[in-house]
$ cat my_file.cif   # mmCIF, C-alpha atoms
data_start
#
loop_
_atom_site.label_atom_id
_atom_site.label_comp_id
_atom_site.auth_asym_id
_atom_site.auth_seq_id
_atom_site.Cartn_x
_atom_site.Cartn_y
_atom_site.Cartn_z
CA ALA A 1 0.00 0.00 0.00
CA GLY A 2 1.08 3.57 -0.67
CA HIS A 3 0.86 6.65 1.49
CA GLU A 4 -2.93 6.72 1.80
CA TRP A 5 -3.34 8.54 5.13
CA CYS A 6 -2.75 12.24 5.48
CA LEU A 7 -2.04 14.44 8.48
CA GLN A 8 -3.51 17.73 7.36
CA HIS A 9 -2.75 20.63 9.62
CA GLY A 10 -5.17 23.44 10.08
CA HIS A 11 -3.70 26.82 10.67
CA LEU A 12 -0.53 27.12 12.63
CA LEU A 13 -1.01 29.46 15.51
CA LEU A 14 2.40 30.87 14.86
CA LEU A 15 2.02 34.04 12.91
CA ARG A 16 -0.40 35.64 15.34
CA GLN A 17 1.36 34.56 18.52
CA LEU A 18 5.00 35.34 17.84
CA GLN A 19 6.50 38.13 19.89
CA HIS A 20 8.24 40.68 17.66
CA ARG A 21 11.34 40.75 19.86
CA SER A 22 11.63 36.96 19.71
CA VAL A 23 11.22 36.95 15.92
CA CYS A 24 13.91 39.56 15.46
CA ARG A 25 16.38 37.96 17.88
CA HIS A 26 15.96 34.26 17.17
CA THR A 27 14.46 33.76 13.74
CA LEU A 28 16.00 36.27 11.38
CA PRO A 29 19.54 36.28 9.99
CA PRO A 30 21.98 38.59 11.84
CA ILE A 31 22.01 41.20 9.06
CA ILE A 32 18.33 42.09 9.65
CA LYS A 33 17.75 40.93 13.22
CA LYS A 34 18.13 44.24 15.05
CA GLU A 35 15.00 45.28 16.93
CA THR A 36 15.19 48.63 15.18
CA GLY A 37 15.96 47.19 11.74
CA PRO A 38 13.71 46.83 8.70
CA ALA A 39 12.21 43.50 9.80
CA SER A 40 11.12 45.00 13.11
CA ARG A 41 9.51 47.93 11.32
CA TRP A 42 7.69 45.57 8.93
CA LEU A 43 6.38 43.52 11.85
CA LYS A 44 5.08 46.60 13.64
CA ALA A 45 3.59 48.17 10.51
CA GLY A 46 0.17 46.63 11.06
CA CYS A 47 -2.28 45.82 8.32
CA MET A 48 -5.60 46.81 6.77
CA VAL A 49 -8.60 44.67 7.74
CA GLU A 50 -11.88 45.45 5.95
CA GLY A 51 -10.66 48.95 5.10
CA ARG A 52 -9.46 49.79 8.61
CA TYR A 53 -5.92 49.99 9.91
CA THR A 54 -5.11 47.45 12.63
CA ALA A 55 -2.01 47.89 14.78
CA GLN A 56 0.25 44.85 15.02
CA GLU A 57 1.43 44.35 18.62
CA ASN A 58 2.46 40.70 18.15
CA GLY A 59 2.72 38.23 15.35
CA VAL A 60 3.33 38.53 11.65
CA PRO A 61 0.62 40.05 9.43
CA GLN A 62 -1.06 37.18 7.55
CA GLY A 63 -0.39 37.59 3.86
CA GLY A 64 2.33 40.16 4.50
CA SER A 65 5.64 40.10 2.65
CA LEU A 66 7.51 38.94 5.75
CA SER A 67 5.11 36.07 6.54
CA PRO A 68 6.56 33.45 4.10
CA LEU A 69 10.14 34.38 5.04
CA ILE A 70 9.48 34.01 8.77
CA SER A 71 7.58 30.74 8.19
CA ASN A 72 10.36 29.25 6.09
CA ILE A 73 13.12 30.21 8.50
CA LEU A 74 11.15 29.13 11.57
CA LEU A 75 9.90 25.82 10.12
CA THR A 76 13.11 24.58 8.47
CA PRO A 77 14.17 22.72 11.66
CA PHE A 78 10.68 21.12 11.68
CA ASP A 79 11.30 19.87 8.12
CA TRP A 80 14.68 18.41 9.03
CA GLU A 81 13.44 16.65 12.15
CA MET A 82 10.29 15.18 10.60
CA ARG A 83 12.26 13.89 7.60
CA ARG A 84 15.03 12.55 9.88
CA LYS A 85 12.32 10.54 11.65
CA GLY A 86 11.22 9.14 8.26
CA TYR A 87 8.00 11.09 7.68
CA ASN A 88 6.89 12.06 4.17
CA LEU A 89 6.46 15.83 4.66
CA THR A 90 5.51 18.34 1.97
CA ARG A 91 5.66 22.00 3.02
CA TYR A 92 5.26 25.35 1.31
CA SER A 93 5.68 28.33 3.67
CA ASP A 94 3.38 27.53 6.62
CA ASP A 95 1.18 25.05 4.71
CA TRP A 96 2.13 21.40 5.05
CA VAL A 97 0.86 17.84 4.91
CA ILE A 98 2.38 14.54 5.97
CA THR A 99 1.36 11.42 4.08
CA CYS A 100 1.57 8.06 5.85
CA ARG A 101 0.98 4.39 5.08
CA THR A 102 -1.39 3.76 8.01
CA LYS A 103 -3.69 5.70 10.30
CA ALA A 104 -1.51 4.71 13.27
CA GLU A 105 1.54 6.17 11.53
CA ALA A 106 -0.40 9.41 10.89
CA GLN A 107 -1.35 9.57 14.58
CA ALA A 108 2.29 9.10 15.57
CA ALA A 109 3.27 11.81 13.06
CA MET A 110 0.80 14.20 14.69
CA GLN A 111 2.28 13.64 18.13
CA CYS A 112 5.80 14.03 16.77
CA ALA A 113 4.87 17.22 14.89
CA LYS A 114 3.26 18.71 18.02
CA LYS A 115 6.41 18.10 20.07
CA ILE A 116 8.77 19.56 17.48
CA LEU A 117 6.57 22.59 16.83
CA GLU A 118 6.18 23.29 20.57
CA LYS A 119 9.99 23.45 20.84
CA LEU A 120 9.88 26.07 18.09
CA GLY A 121 7.21 28.04 19.96
CA VAL A 122 4.44 27.07 17.55
CA LYS A 123 1.10 25.34 18.15
CA LEU A 124 -1.14 23.42 15.80
CA HIS A 125 -4.75 24.52 15.70
CA SER A 126 -6.25 21.45 17.37
CA LYS A 127 -9.73 21.86 15.87
CA LYS A 128 -8.42 22.26 12.32
CA THR A 129 -5.76 19.55 12.30
CA ARG A 130 -6.97 16.16 11.19
CA ILE A 131 -6.04 12.74 9.93
CA ILE A 132 -7.87 11.72 6.80
CA HIS A 133 -7.76 8.99 4.16
CA VAL A 134 -6.99 10.12 0.61
CA ARG A 135 -10.30 8.69 -0.62
CA ALA A 136 -12.03 11.44 1.37
CA GLY A 137 -9.57 13.97 -0.02
CA PHE A 138 -7.77 16.93 1.48
CA GLU A 139 -7.02 20.50 0.44
CA PHE A 140 -3.49 21.75 -0.03
CA LEU A 141 -2.30 24.97 -1.67
CA GLY A 142 -5.63 25.67 -3.32
CA PHE A 143 -6.17 22.15 -4.65
CA LYS A 144 -8.39 19.28 -3.57
CA ILE A 145 -6.30 16.10 -3.70
CA LYS A 146 -8.23 12.88 -3.73
CA GLN A 147 -8.01 9.24 -4.65
CA GLY A 148 -10.73 8.39 -7.12
CA SER A 149 -13.07 5.49 -6.43
CA ARG A 150 -14.36 5.40 -10.00
CA PRO A 151 -13.19 6.77 -13.36
CA LEU A 152 -13.66 10.49 -13.94
CA LYS A 153 -16.58 11.38 -16.17
CA LEU A 154 -14.82 13.94 -18.33
CA SER A 155 -14.39 14.10 -22.03
CA SER A 156 -11.05 12.76 -23.22
CA ASP A 157 -9.90 16.20 -24.41
CA LYS A 158 -10.05 17.47 -20.80
CA ILE A 159 -7.87 14.68 -19.39
CA LYS A 160 -4.12 14.98 -19.79
CA GLY A 161 -2.87 11.42 -19.35
CA ILE A 162 -4.61 8.21 -18.41
CA ALA A 163 -7.31 8.53 -15.74
CA ARG A 164 -8.03 5.27 -13.99
CA GLN A 165 -10.04 4.13 -11.03
CA GLY A 166 -8.07 4.41 -7.79
CA GLN A 167 -5.66 7.06 -9.07
CA MET A 168 -4.91 10.35 -7.36
CA TYR A 169 -6.55 13.49 -8.72
CA ALA A 170 -5.91 17.13 -7.94
CA TYR A 171 -8.25 19.90 -8.96
CA PRO A 172 -8.61 23.55 -7.88
CA THR A 173 -10.82 24.26 -4.88
CA GLN A 174 -13.80 26.54 -5.45
CA LYS A 175 -12.21 29.11 -3.12
CA SER A 176 -9.05 29.29 -5.25
CA ILE A 177 -11.10 29.66 -8.43
CA THR A 178 -13.35 32.46 -7.16
CA ARG A 179 -10.44 34.26 -5.46
CA ASP A 180 -8.75 34.72 -8.82
CA GLU A 181 -11.85 35.98 -10.64
CA VAL A 182 -11.95 39.66 -11.47
CA PRO A 183 -15.25 41.36 -10.54
#
$ encode --input "my_file.cif" --output "structure tokens"
Amino acid sequence: AGHEWCLQHGHLLLLRQLQHRSVCRHTLPPIIKKETGPASRWLKAGCMVEGRYTAQENGVPQGGSLSPLISNILLTPFDWEMRRKGYNLTRYSDDWVITCRTKAEAQAAMQCAKKILEKLGVKLHSKKTRIIHVRAGFEFLGFKIKQGSRPLKLSSDKIKGIARQGQMYAYPTQKSITRDEVP
């Protein structure tokens, strides 16, 4: 059997909870880690929410230019440790999934991930983190990824390759389609 079970994390409670001082001192490279440097100013800049300015006391503004950088620097040790332990981890910025051969392996991966992330000062969102079989499908980076139980009912000109029963399919989520539409 292949990797049919997936540990799908919800949102990491990292960007909102990080202390600016901690980010600047421990996460960023020395050239930009000063508390008065550009990274510190970006972190404190705040953001616009529904047309109103919101001050940023802690955390990293979601969707801000510094968010992917902080996530990648902060989560690189997580990548190394999970892979060292033999887990099949795929991560892009703060979005990640771990695919496993069994449900028990996925449960062990969740416990391992929690421990490693806690050492990094990060928590998983317990209500949005789940273990799921690929037949039920999961969303990752704007795509629904699912193992088909029957052949797709599409015309042959819409299928690039051979679509068979039991194969993995990935298609855009409705949210990613409507987000890109221009009003």
$ residues_near_point --input "my_file.cif" --point "(-10.7, 24.1, -9.2)" --cutoff "12 Å" --atoms "only C-alpha atoms" --output "PyMOL selection string"
chain A and resi 139-145+169-180
$ resolve_selection --input "my_file.cif" --expression "the PyMOL selection byres ((chain A and resi 2-9) around 10)" --output "PyMOL selection string"
chain A and resi 1+10-12+88-89+94-110+113+124-140+146-147
$ atom_distance --input "my_file.cif" --atom1 "CA of Pro77 (chain A)" --atom2 "CA of Leu120 (chain A)"
8.4 Å
$ closest_residue --input "my_file.cif" --among "A:Ser149, A:Ser71, A:Gln167, A:Ser65" --to "Gly46 (chain A)" --atoms "all atoms listed in the file"
A:Ser65
$ atom_distance --input "my_file.cif" --atom1 "CA of Trp80 (chain A)" --atom2 "CA of Val122 (chain A)"
15.9 Å
$ atom_distance --input "my_file.cif" --atom1 "CA of Ala55 (chain A)" --atom2 "CA of Lys119 (chain A)"
27.9 Å
$ decode --input "my_file.cif" --residues "region 116-127 of chain A" --atoms "N, CA, C and O atoms" --output "PDB file, in the first residue's frame"
ATOM      1  N   ILE A 116       7.743  18.759  18.169  1.00  0.00           N
ATOM      2  CA  ILE A 116       8.767  19.557  17.481  1.00  0.00           C
ATOM      3  C   ILE A 116       8.320  21.007  17.380  1.00  0.00           C
ATOM      4  O   ILE A 116       9.092  21.931  17.664  1.00  0.00           O
ATOM      5  N   LEU A 117       7.065  21.216  16.990  1.00  0.00           N
ATOM      6  CA  LEU A 117       6.566  22.587  16.833  1.00  0.00           C
ATOM      7  C   LEU A 117       6.526  23.332  18.165  1.00  0.00           C
ATOM      8  O   LEU A 117       6.824  24.529  18.214  1.00  0.00           O
ATOM      9  N   GLU A 118       6.183  22.641  19.254  1.00  0.00           N
ATOM     10  CA  GLU A 118       6.183  23.291  20.566  1.00  0.00           C
ATOM     11  C   GLU A 118       7.573  23.787  20.934  1.00  0.00           C
ATOM     12  O   GLU A 118       7.724  24.858  21.506  1.00  0.00           O
ATOM     13  N   LYS A 119       8.611  23.010  20.586  1.00  0.00           N
ATOM     14  CA  LYS A 119       9.991  23.446  20.843  1.00  0.00           C
ATOM     15  C   LYS A 119      10.330  24.713  20.065  1.00  0.00           C
ATOM     16  O   LYS A 119      11.165  25.492  20.468  1.00  0.00           O
ATOM     17  N   LEU A 120       9.659  24.883  18.926  1.00  0.00           N
ATOM     18  CA  LEU A 120       9.877  26.068  18.092  1.00  0.00           C
ATOM     19  C   LEU A 120       8.958  27.222  18.490  1.00  0.00           C
ATOM     20  O   LEU A 120       8.975  28.272  17.864  1.00  0.00           O
ATOM     21  N   GLY A 121       8.134  27.001  19.507  1.00  0.00           N
ATOM     22  CA  GLY A 121       7.212  28.045  19.958  1.00  0.00           C
ATOM     23  C   GLY A 121       5.963  28.166  19.111  1.00  0.00           C
ATOM     24  O   GLY A 121       5.348  29.224  19.044  1.00  0.00           O
ATOM     25  N   VAL A 122       5.566  27.067  18.473  1.00  0.00           N
ATOM     26  CA  VAL A 122       4.442  27.069  17.546  1.00  0.00           C
ATOM     27  C   VAL A 122       3.431  26.011  17.990  1.00  0.00           C
ATOM     28  O   VAL A 122       3.813  24.947  18.465  1.00  0.00           O
ATOM     29  N   LYS A 123       2.154  26.309  17.824  1.00  0.00           N
ATOM     30  CA  LYS A 123       1.102  25.340  18.147  1.00  0.00           C
ATOM     31  C   LYS A 123       0.268  25.039  16.916  1.00  0.00           C
ATOM     32  O   LYS A 123       0.011  25.923  16.111  1.00  0.00           O
ATOM     33  N   LEU A 124      -0.167  23.788  16.824  1.00  0.00           N
ATOM     34  CA  LEU A 124      -1.143  23.415  15.803  1.00  0.00           C
ATOM     35  C   LEU A 124      -2.515  23.846  16.279  1.00  0.00           C
ATOM     36  O   LEU A 124      -2.794  23.825  17.474  1.00  0.00           O
ATOM     37  N   HIS A 125      -3.365  24.199  15.370  1.00  0.00           N
ATOM     38  CA  HIS A 125      -4.748  24.522  15.701  1.00  0.00           C
ATOM     39  C   HIS A 125      -5.464  23.183  15.861  1.00  0.00           C
ATOM     40  O   HIS A 125      -5.740  22.489  14.879  1.00  0.00           O
ATOM     41  N   SER A 126      -5.746  22.795  17.090  1.00  0.00           N
ATOM     42  CA  SER A 126      -6.249  21.449  17.372  1.00  0.00           C
ATOM     43  C   SER A 126      -7.575  21.134  16.680  1.00  0.00           C
ATOM     44  O   SER A 126      -7.825  19.998  16.304  1.00  0.00           O
ATOM     45  N   LYS A 127      -8.435  22.118  16.500  1.00  0.00           N
ATOM     46  CA  LYS A 127      -9.730  21.859  15.866  1.00  0.00           C
ATOM     47  C   LYS A 127      -9.647  21.776  14.349  1.00  0.00           C
ATOM     48  O   LYS A 127     -10.571  21.315  13.700  1.00  0.00           O
TER      49      LYS A 127
END
